[in-house]
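Read the structure below first, then the notes.
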Amino acid sequence: MSWEKNVRKVVPYVAGEQPQNKNVIKLNTNECPYPPAPGVERVLHSFDYDILRKYPDPDVSLLVDALAKRHGLSREQVFVGVGSDDVLAMSFLTFFNADRPILFPDITYSFYDVWADLYKIPYECQPLDENFQIRKTDYQKPNGGIVIANPNAPTGVCEDIAFFEDIIKANPDSVVIVDEAYIDFGGKSCVPLIERYENLLVVQTFSKSRALAGLRIGYAMGSKKLIKYLNDVKFSFNSYTMNAVTIQAGTASVENEEYFQLITAKIVETRENTKKRLEALDFVFPNSMTNFIFASHKRVPAQELFDVLRQNEIYVRHWNKPRIENYLRISIGTDEEMKTVLDFLEQYLKGR
């Protein structure tokens, strides 16, 4: 058909499987195994449904103010979107418009190259070293922008603030995006660098540590100038990106700091215990600072383990991609879920 030559064609991002059977152990998309903060439930039970006939606040003021207060920023330094995917996609569209390629790791969140292709942004993947570490010098060359997940997904490796400050310093003419989807499970956020570097954008999400993947809330923090540019593009695209229910529920989550700290600490504790058992079962993995472990067995192929786990209603993530085809990404569930998975692996590996 002649019209097809004018269609924008891209290879889409493939999300983790969402099995409909509720009796599975689902450890494939890094969701939080615990319920959202109690305040979220109260919002949903007492919500004034008459509000739904009106458009929501396009500035998302209630949630923006809560986030600004929590991070010690002004409201002009916070941008909210429909999940961090929306925030990152909007950031690519807003900031990556140079002729030079943007830079990101070769093993990272697999949406980055999809957005680059979608928006026709040139890019170069910088190879992680043999230990899945970023080589700082790879990001100290001419570029049209930089985006790095820290801690990295899917490896779980985390770099310190000084590491990123060196990269930001070396790139005063580019916007540097640090995607901190997993920062609440280890490491230090780059948010303190915002006041020193006008070109730094830090992106976080409610999907992991705040147990609100189903509501879709993400946000960016940066200089007032960066956030204004983001809002200009957002309001040129869609003024009403977040619904009224989500704004109130998200705000309730931010305001319950004690619960947030409780469940993140619990997930970290379970992760560390899981590492010990995996090591005893002859798995190897980078030192994860996230809510997942990127593990490879010394003898048994990852594809075999992925298949047998799935056959037994245990879902983990596997990519048939160079360098990582022999790894499984295992999300951290409850203590009970992890015990079930580890006991199963122990028995299977004994028979293998």
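In the structure tokens, the first chain shown is A, the next is B, and so on; residue numbers restart at 1 for each chain, and ligands run from 1 in the order shown.
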
Quick one: residues within 12 Å of A:Pro36, only C-alpha atoms counted, chain neighbours fewer than 6 positions away excluded, as a PyMOL selection string?
chain A and resi 42-44+206-215+249-254+256-257+259-260+262-264

Going by DSSP on the backbone, which residues of stretch 171-307 of chain A come out as alpha helix (DSSP H)? List them as a PDB file with N, CA and C atoms, in the first residue's frame.
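This went into selection_15.pdb:
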ATOM      1  N   LYS A 224      15.423  24.649  37.279  1.00  0.00           N
ATOM      2  CA  LYS A 224      14.152  25.268  36.863  1.00  0.00           C
ATOM      3  C   LYS A 224      14.071  25.380  35.344  1.00  0.00           C
ATOM      4  N   LYS A 225      15.207  25.642  34.722  1.00  0.00           N
ATOM      5  CA  LYS A 225      15.220  25.798  33.263  1.00  0.00           C
ATOM      6  C   LYS A 225      14.887  24.474  32.584  1.00  0.00           C
ATOM      7  N   LEU A 226      15.509  23.368  33.030  1.00  0.00           N
ATOM      8  CA  LEU A 226      15.220  22.067  32.436  1.00  0.00           C
ATOM      9  C   LEU A 226      13.745  21.698  32.608  1.00  0.00           C
ATOM     10  N   ILE A 227      13.216  21.900  33.799  1.00  0.00           N
ATOM     11  CA  ILE A 227      11.829  21.529  34.074  1.00  0.00           C
ATOM     12  C   ILE A 227      10.859  22.380  33.269  1.00  0.00           C
ATOM     13  N   LYS A 228      11.187  23.648  33.072  1.00  0.00           N
ATOM     14  CA  LYS A 228      10.323  24.494  32.241  1.00  0.00           C
ATOM     15  C   LYS A 228      10.283  23.978  30.807  1.00  0.00           C
ATOM     16  N   TYR A 229      11.445  23.607  30.276  1.00  0.00           N
ATOM     17  CA  TYR A 229      11.468  23.067  28.914  1.00  0.00           C
ATOM     18  C   TYR A 229      10.629  21.790  28.823  1.00  0.00           C
ATOM     19  N   LEU A 230      10.732  20.927  29.828  1.00  0.00           N
ATOM     20  CA  LEU A 230       9.935  19.697  29.841  1.00  0.00           C
ATOM     21  C   LEU A 230       8.440  20.007  29.861  1.00  0.00           C
ATOM     22  N   ASN A 231       8.052  20.957  30.708  1.00  0.00           N
ATOM     23  CA  ASN A 231       6.634  21.317  30.783  1.00  0.00           C
ATOM     24  C   ASN A 231       6.142  21.945  29.486  1.00  0.00           C
ATOM     25  N   ASP A 232       6.984  22.711  28.825  1.00  0.00           N
ATOM     26  CA  ASP A 232       6.586  23.312  27.548  1.00  0.00           C
ATOM     27  C   ASP A 232       6.251  22.230  26.526  1.00  0.00           C
ATOM     28  N   VAL A 233       7.074  21.177  26.492  1.00  0.00           N
ATOM     29  CA  VAL A 233       6.811  20.081  25.551  1.00  0.00           C
ATOM     30  C   VAL A 233       5.575  19.298  25.985  1.00  0.00           C
ATOM     31  N   LYS A 234       5.452  19.041  27.288  1.00  0.00           N
ATOM     32  CA  LYS A 234       4.280  18.314  27.791  1.00  0.00           C
ATOM     33  C   LYS A 234       2.993  19.031  27.404  1.00  0.00           C
ATOM     34  N   PHE A 235       2.934  20.334  27.633  1.00  0.00           N
ATOM     35  CA  PHE A 235       1.712  21.077  27.350  1.00  0.00           C
ATOM     36  C   PHE A 235       1.489  21.277  25.858  1.00  0.00           C
ATOM     37  N   SER A 236       2.504  20.981  25.057  1.00  0.00           N
ATOM     38  CA  SER A 236       2.327  20.978  23.606  1.00  0.00           C
ATOM     39  C   SER A 236       1.866  19.611  23.117  1.00  0.00           C
ATOM     40  N   PHE A 237       1.892  18.641  24.015  1.00  0.00           N
ATOM     41  CA  PHE A 237       1.564  17.258  23.676  1.00  0.00           C
ATOM     42  C   PHE A 237       0.213  16.850  24.264  1.00  0.00           C
ATOM     43  N   ALA A 244      -7.093  12.520  38.240  1.00  0.00           N
ATOM     44  CA  ALA A 244      -7.308  13.065  39.588  1.00  0.00           C
ATOM     45  C   ALA A 244      -7.095  12.016  40.678  1.00  0.00           C
ATOM     46  N   VAL A 245      -7.503  10.782  40.426  1.00  0.00           N
ATOM     47  CA  VAL A 245      -7.327   9.717  41.423  1.00  0.00           C
ATOM     48  C   VAL A 245      -5.846   9.478  41.693  1.00  0.00           C
ATOM     49  N   THR A 246      -5.076   9.386  40.628  1.00  0.00           N
ATOM     50  CA  THR A 246      -3.646   9.118  40.762  1.00  0.00           C
ATOM     51  C   THR A 246      -2.931  10.254  41.486  1.00  0.00           C
ATOM     52  N   ILE A 247      -3.309  11.479  41.213  1.00  0.00           N
ATOM     53  CA  ILE A 247      -2.675  12.622  41.886  1.00  0.00           C
ATOM     54  C   ILE A 247      -2.849  12.517  43.399  1.00  0.00           C
ATOM     55  N   GLN A 248      -4.058  12.234  43.844  1.00  0.00           N
ATOM     56  CA  GLN A 248      -4.308  12.159  45.288  1.00  0.00           C
ATOM     57  C   GLN A 248      -3.651  10.932  45.914  1.00  0.00           C
ATOM     58  N   ALA A 249      -3.733   9.788  45.232  1.00  0.00           N
ATOM     59  CA  ALA A 249      -3.134   8.572  45.776  1.00  0.00           C
ATOM     60  C   ALA A 249      -1.609   8.684  45.823  1.00  0.00           C
ATOM     61  N   GLY A 250      -1.024   9.258  44.799  1.00  0.00           N
ATOM     62  CA  GLY A 250       0.422   9.443  44.781  1.00  0.00           C
ATOM     63  C   GLY A 250       0.894  10.364  45.884  1.00  0.00           C
ATOM     64  N   THR A 251       0.137  11.408  46.127  1.00  0.00           N
ATOM     65  CA  THR A 251       0.478  12.342  47.207  1.00  0.00           C
ATOM     66  C   THR A 251       0.425  11.645  48.558  1.00  0.00           C
ATOM     67  N   ALA A 252      -0.586  10.808  48.760  1.00  0.00           N
ATOM     68  CA  ALA A 252      -0.701  10.063  50.022  1.00  0.00           C
ATOM     69  C   ALA A 252       0.504   9.152  50.219  1.00  0.00           C
ATOM     70  N   SER A 253       0.996   8.553  49.133  1.00  0.00           N
ATOM     71  CA  SER A 253       2.168   7.693  49.225  1.00  0.00           C
ATOM     72  C   SER A 253       3.393   8.485  49.671  1.00  0.00           C
ATOM     73  N   VAL A 254       3.616   9.645  49.079  1.00  0.00           N
ATOM     74  CA  VAL A 254       4.776  10.470  49.427  1.00  0.00           C
ATOM     75  C   VAL A 254       4.716  10.907  50.883  1.00  0.00           C
ATOM     76  N   GLU A 255       3.529  11.172  51.362  1.00  0.00           N
ATOM     77  CA  GLU A 255       3.374  11.687  52.724  1.00  0.00           C
ATOM     78  C   GLU A 255       3.531  10.608  53.801  1.00  0.00           C
ATOM     79  N   GLU A 257       6.132   8.531  54.777  1.00  0.00           N
ATOM     80  CA  GLU A 257       7.555   8.215  54.704  1.00  0.00           C
ATOM     81  C   GLU A 257       7.916   6.991  55.548  1.00  0.00           C
ATOM     82  N   GLU A 258       7.282   6.848  56.691  1.00  0.00           N
ATOM     83  CA  GLU A 258       7.609   5.728  57.578  1.00  0.00           C
ATOM     84  C   GLU A 258       7.333   4.394  56.887  1.00  0.00           C
ATOM     85  N   TYR A 259       6.203   4.292  56.210  1.00  0.00           N
ATOM     86  CA  TYR A 259       5.862   3.044  55.521  1.00  0.00           C
ATOM     87  C   TYR A 259       6.822   2.796  54.362  1.00  0.00           C
ATOM     88  N   PHE A 260       7.156   3.855  53.637  1.00  0.00           N
ATOM     89  CA  PHE A 260       8.105   3.759  52.528  1.00  0.00           C
ATOM     90  C   PHE A 260       9.442   3.185  53.002  1.00  0.00           C
ATOM     91  N   GLN A 261       9.953   3.705  54.097  1.00  0.00           N
ATOM     92  CA  GLN A 261      11.223   3.223  54.637  1.00  0.00           C
ATOM     93  C   GLN A 261      11.107   1.773  55.114  1.00  0.00           C
ATOM     94  N   LEU A 262       9.966   1.418  55.665  1.00  0.00           N
ATOM     95  CA  LEU A 262       9.745   0.066  56.183  1.00  0.00           C
ATOM     96  C   LEU A 262       9.803  -0.979  55.067  1.00  0.00           C
ATOM     97  N   ILE A 263       9.079  -0.745  53.978  1.00  0.00           N
ATOM     98  CA  ILE A 263       9.026  -1.781  52.944  1.00  0.00           C
ATOM     99  C   ILE A 263      10.310  -1.831  52.116  1.00  0.00           C
ATOM    100  N   THR A 264      10.968  -0.696  51.915  1.00  0.00           N
ATOM    101  CA  THR A 264      12.236  -0.752  51.173  1.00  0.00           C
ATOM    102  C   THR A 264      13.289  -1.496  51.985  1.00  0.00           C
ATOM    103  N   ALA A 265      13.315  -1.267  53.295  1.00  0.00           N
ATOM    104  CA  ALA A 265      14.262  -1.981  54.158  1.00  0.00           C
ATOM    105  C   ALA A 265      13.985  -3.483  54.153  1.00  0.00           C
ATOM    106  N   LYS A 266      12.713  -3.843  54.137  1.00  0.00           N
ATOM    107  CA  LYS A 266      12.345  -5.253  54.112  1.00  0.00           C
ATOM    108  C   LYS A 266      12.801  -5.917  52.817  1.00  0.00           C
ATOM    109  N   ILE A 267      12.620  -5.231  51.694  1.00  0.00           N
ATOM    110  CA  ILE A 267      13.038  -5.773  50.399  1.00  0.00           C
ATOM    111  C   ILE A 267      14.557  -5.940  50.347  1.00  0.00           C
ATOM    112  N   VAL A 268      15.282  -4.966  50.881  1.00  0.00           N
ATOM    113  CA  VAL A 268      16.747  -5.059  50.922  1.00  0.00           C
ATOM    114  C   VAL A 268      17.185  -6.243  51.767  1.00  0.00           C
ATOM    115  N   GLU A 269      16.545  -6.433  52.914  1.00  0.00           N
ATOM    116  CA  GLU A 269      16.886  -7.563  53.782  1.00  0.00           C
ATOM    117  C   GLU A 269      16.655  -8.892  53.056  1.00  0.00           C
ATOM    118  N   THR A 270      15.520  -9.007  52.380  1.00  0.00           N
ATOM    119  CA  THR A 270      15.222 -10.232  51.629  1.00  0.00           C
ATOM    120  C   THR A 270      16.216 -10.428  50.498  1.00  0.00           C
ATOM    121  N   ARG A 271      16.573  -9.358  49.828  1.00  0.00           N
ATOM    122  CA  ARG A 271      17.565  -9.447  48.747  1.00  0.00           C
ATOM    123  C   ARG A 271      18.893  -9.992  49.252  1.00  0.00           C
ATOM    124  N   GLU A 272      19.367  -9.482  50.361  1.00  0.00           N
ATOM    125  CA  GLU A 272      20.658  -9.929  50.882  1.00  0.00           C
ATOM    126  C   GLU A 272      20.613 -11.394  51.305  1.00  0.00           C
ATOM    127  N   ASN A 273      19.507 -11.819  51.884  1.00  0.00           N
ATOM    128  CA  ASN A 273      19.368 -13.234  52.244  1.00  0.00           C
ATOM    129  C   ASN A 273      19.302 -14.117  50.997  1.00  0.00           C
ATOM    130  N   THR A 274      18.645 -13.616  49.960  1.00  0.00           N
ATOM    131  CA  THR A 274      18.549 -14.359  48.696  1.00  0.00           C
ATOM    132  C   THR A 274      19.918 -14.512  48.049  1.00  0.00           C
ATOM    133  N   LYS A 275      20.741 -13.490  48.119  1.00  0.00           N
ATOM    134  CA  LYS A 275      22.100 -13.571  47.567  1.00  0.00           C
ATOM    135  C   LYS A 275      22.872 -14.738  48.194  1.00  0.00           C
ATOM    136  N   LYS A 276      22.756 -14.873  49.490  1.00  0.00           N
ATOM    137  CA  LYS A 276      23.491 -15.937  50.189  1.00  0.00           C
ATOM    138  C   LYS A 276      23.061 -17.321  49.707  1.00  0.00           C
ATOM    139  N   ARG A 277      21.761 -17.507  49.561  1.00  0.00           N
ATOM    140  CA  ARG A 277      21.281 -18.823  49.119  1.00  0.00           C
ATOM    141  C   ARG A 277      21.643 -19.081  47.661  1.00  0.00           C
ATOM    142  N   LEU A 278      21.564 -18.058  46.824  1.00  0.00           N
ATOM    143  CA  LEU A 278      21.935 -18.231  45.420  1.00  0.00           C
ATOM    144  C   LEU A 278      23.417 -18.596  45.293  1.00  0.00           C
ATOM    145  N   GLU A 279      24.253 -17.953  46.070  1.00  0.00           N
ATOM    146  CA  GLU A 279      25.685 -18.284  46.051  1.00  0.00           C
ATOM    147  C   GLU A 279      25.907 -19.743  46.456  1.00  0.00           C
ATOM    148  N   ALA A 280      25.172 -20.194  47.456  1.00  0.00           N
ATOM    149  CA  ALA A 280      25.302 -21.582  47.911  1.00  0.00           C
ATOM    150  C   ALA A 280      24.845 -22.575  46.844  1.00  0.00           C
ATOM    151  N   ALA A 302      20.838 -20.533  31.433  1.00  0.00           N
ATOM    152  CA  ALA A 302      19.734 -19.694  31.900  1.00  0.00           C
ATOM    153  C   ALA A 302      18.425 -20.051  31.204  1.00  0.00           C
ATOM    154  N   GLN A 303      18.488 -20.356  29.922  1.00  0.00           N
ATOM    155  CA  GLN A 303      17.255 -20.691  29.195  1.00  0.00           C
ATOM    156  C   GLN A 303      16.581 -21.921  29.795  1.00  0.00           C
ATOM    157  N   GLU A 304      17.373 -22.904  30.170  1.00  0.00           N
ATOM    158  CA  GLU A 304      16.819 -24.111  30.788  1.00  0.00           C
ATOM    159  C   GLU A 304      16.142 -23.776  32.111  1.00  0.00           C
ATOM    160  N   LEU A 305      16.802 -22.974  32.930  1.00  0.00           N
ATOM    161  CA  LEU A 305      16.218 -22.605  34.217  1.00  0.00           C
ATOM    162  C   LEU A 305      14.968 -21.753  34.032  1.00  0.00           C
ATOM    163  N   PHE A 306      15.014 -20.836  33.089  1.00  0.00           N
ATOM    164  CA  PHE A 306      13.845 -20.002  32.798  1.00  0.00           C
ATOM    165  C   PHE A 306      12.649 -20.874  32.422  1.00  0.00           C
ATOM    166  N   ASP A 307      12.886 -21.838  31.550  1.00  0.00           N
ATOM    167  CA  ASP A 307      11.797 -22.699  31.081  1.00  0.00           C
ATOM    168  C   ASP A 307      11.216 -23.550  32.202  1.00  0.00           C
TER     169      ASP A 307
END

When DSSP is applied to the backbone of this structure, which of stretch 12-147 of chain A are assigned strand (DSSP E or B)? Write them out as a PyMOL selection string.
chain A and resi 25-26+78-81+102-105+123-126+146-147

Find the nearest atom pair between each residue of stretch 246-304 of chain A and stretch 23-29 of chain A for residues within 12 Å, count only C-alpha atoms, give distances in Å to one decimal, sort rows by chain and ascending number, and present the table as a Markdown table.
| residue | atom | partner | partner_atom | distance |
| --- | --- | --- | --- | --- |
| A:Asn291 | CA | A:Thr29 | CA | 10.1 |
| A:Phe292 | CA | A:Leu27 | CA | 8.5 |
| A:Ile293 | CA | A:Leu27 | CA | 10.3 |
| A:Phe294 | CA | A:Asn28 | CA | 11.2 |

Find the residue from A:Ile183, A:Leu349, A:Ile168, A:Met289 that sits nearest to A:Arg196; use only C-alpha atoms when measuring.
A:Ile168

Which one of A:Glu313, A:His318, A:Phe164, A:Lys54 sits closest to A:Thr340 if you count only C-alpha atoms?
A:Glu313

Determine, counting only C-alpha atoms, which protein, DNA and RNA residues have an atom within 6 Å of an atom of stretch 185-192 of chain A; residues of the same chain fewer than 3 positions away are not included. Present the result as a compact mmCIF listing (two decimals) with N, CA and C atoms, in the first residue's frame.
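In the end it all went to result.txt:
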# COMPACT_ATOMS: atom_id res chain seq x y z
N ILE A 161 27.99 8.94 43.61
CA ILE A 161 27.72 10.30 43.12
C ILE A 161 28.93 10.91 42.45
N TYR A 182 15.69 2.55 40.60
CA TYR A 182 15.96 1.59 41.68
C TYR A 182 16.80 2.18 42.81
N MET A 289 22.16 -3.63 43.87
CA MET A 289 21.68 -2.61 44.80
C MET A 289 20.26 -2.22 44.42
N THR A 290 19.50 -3.21 43.92
CA THR A 290 18.15 -2.97 43.43
C THR A 290 17.17 -3.93 44.12

For A:Ile217, find every residue with an atom within 7 Å (counting only C-alpha atoms), except residues of its own chain fewer than 6 positions away, and show them as number ranges by chain.
A: 81-84, 205-206

Would you kindly return, as JSON, numbers by chain, each protein, DNA or RNA residue with an atom no farther than 8 Å from any atom of A:Val114, considering only C-alpha atoms and excluding same-chain residues fewer than 3 positions away?
{"A": [10, 11, 12, 13, 110, 111, 117, 118]}

Put those residues in a file: N, CA and C atoms, as a short mmCIF file (atom, residue, chain, number, x, y, z; two decimals), in the first residue's frame.
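Everything below was put into selection33.cif:
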data_model
loop_
_atom_site.label_atom_id
_atom_site.label_comp_id
_atom_site.auth_asym_id
_atom_site.auth_seq_id
_atom_site.Cartn_x
_atom_site.Cartn_y
_atom_site.Cartn_z
N VAL A 10 8.94 1.27 13.87
CA VAL A 10 9.95 1.02 14.89
C VAL A 10 9.76 -0.39 15.42
N VAL A 11 10.82 -0.94 16.00
CA VAL A 11 10.71 -2.21 16.73
C VAL A 11 10.35 -1.87 18.17
N PRO A 12 9.17 -2.25 18.65
CA PRO A 12 8.71 -1.79 19.95
C PRO A 12 9.43 -2.45 21.12
N TYR A 13 9.36 -1.78 22.26
CA TYR A 13 9.83 -2.35 23.52
C TYR A 13 8.94 -3.53 23.90
N SER A 110 16.03 -1.44 28.11
CA SER A 110 15.92 -1.62 26.66
C SER A 110 14.88 -0.72 25.99
N PHE A 111 14.36 0.26 26.72
CA PHE A 111 13.49 1.26 26.11
C PHE A 111 14.31 2.41 25.50
N ASP A 117 15.04 5.42 18.36
CA ASP A 117 14.55 5.09 17.03
C ASP A 117 13.23 5.79 16.73
N LEU A 118 12.34 5.82 17.71
CA LEU A 118 11.03 6.45 17.52
C LEU A 118 11.17 7.93 17.15
#

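Nearest residue to A:Met90, choosing from A:Arg310, A:Asp106, A:Ser2, A:Tyr219 and counting only C-alpha atoms: A:Tyr219.
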
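Here atom CA of A:Gly333 stands at a distance of 19.6 Å from atom CA of A:Pro38.
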
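Atom pair atom CA of A:Ala149 / atom CA of A:Asp179: separated by 4.3 Å.
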
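Taking atom CA of A:Ser331 as the reference point, atom CA of A:Ser288 is found at 10.9 Å.
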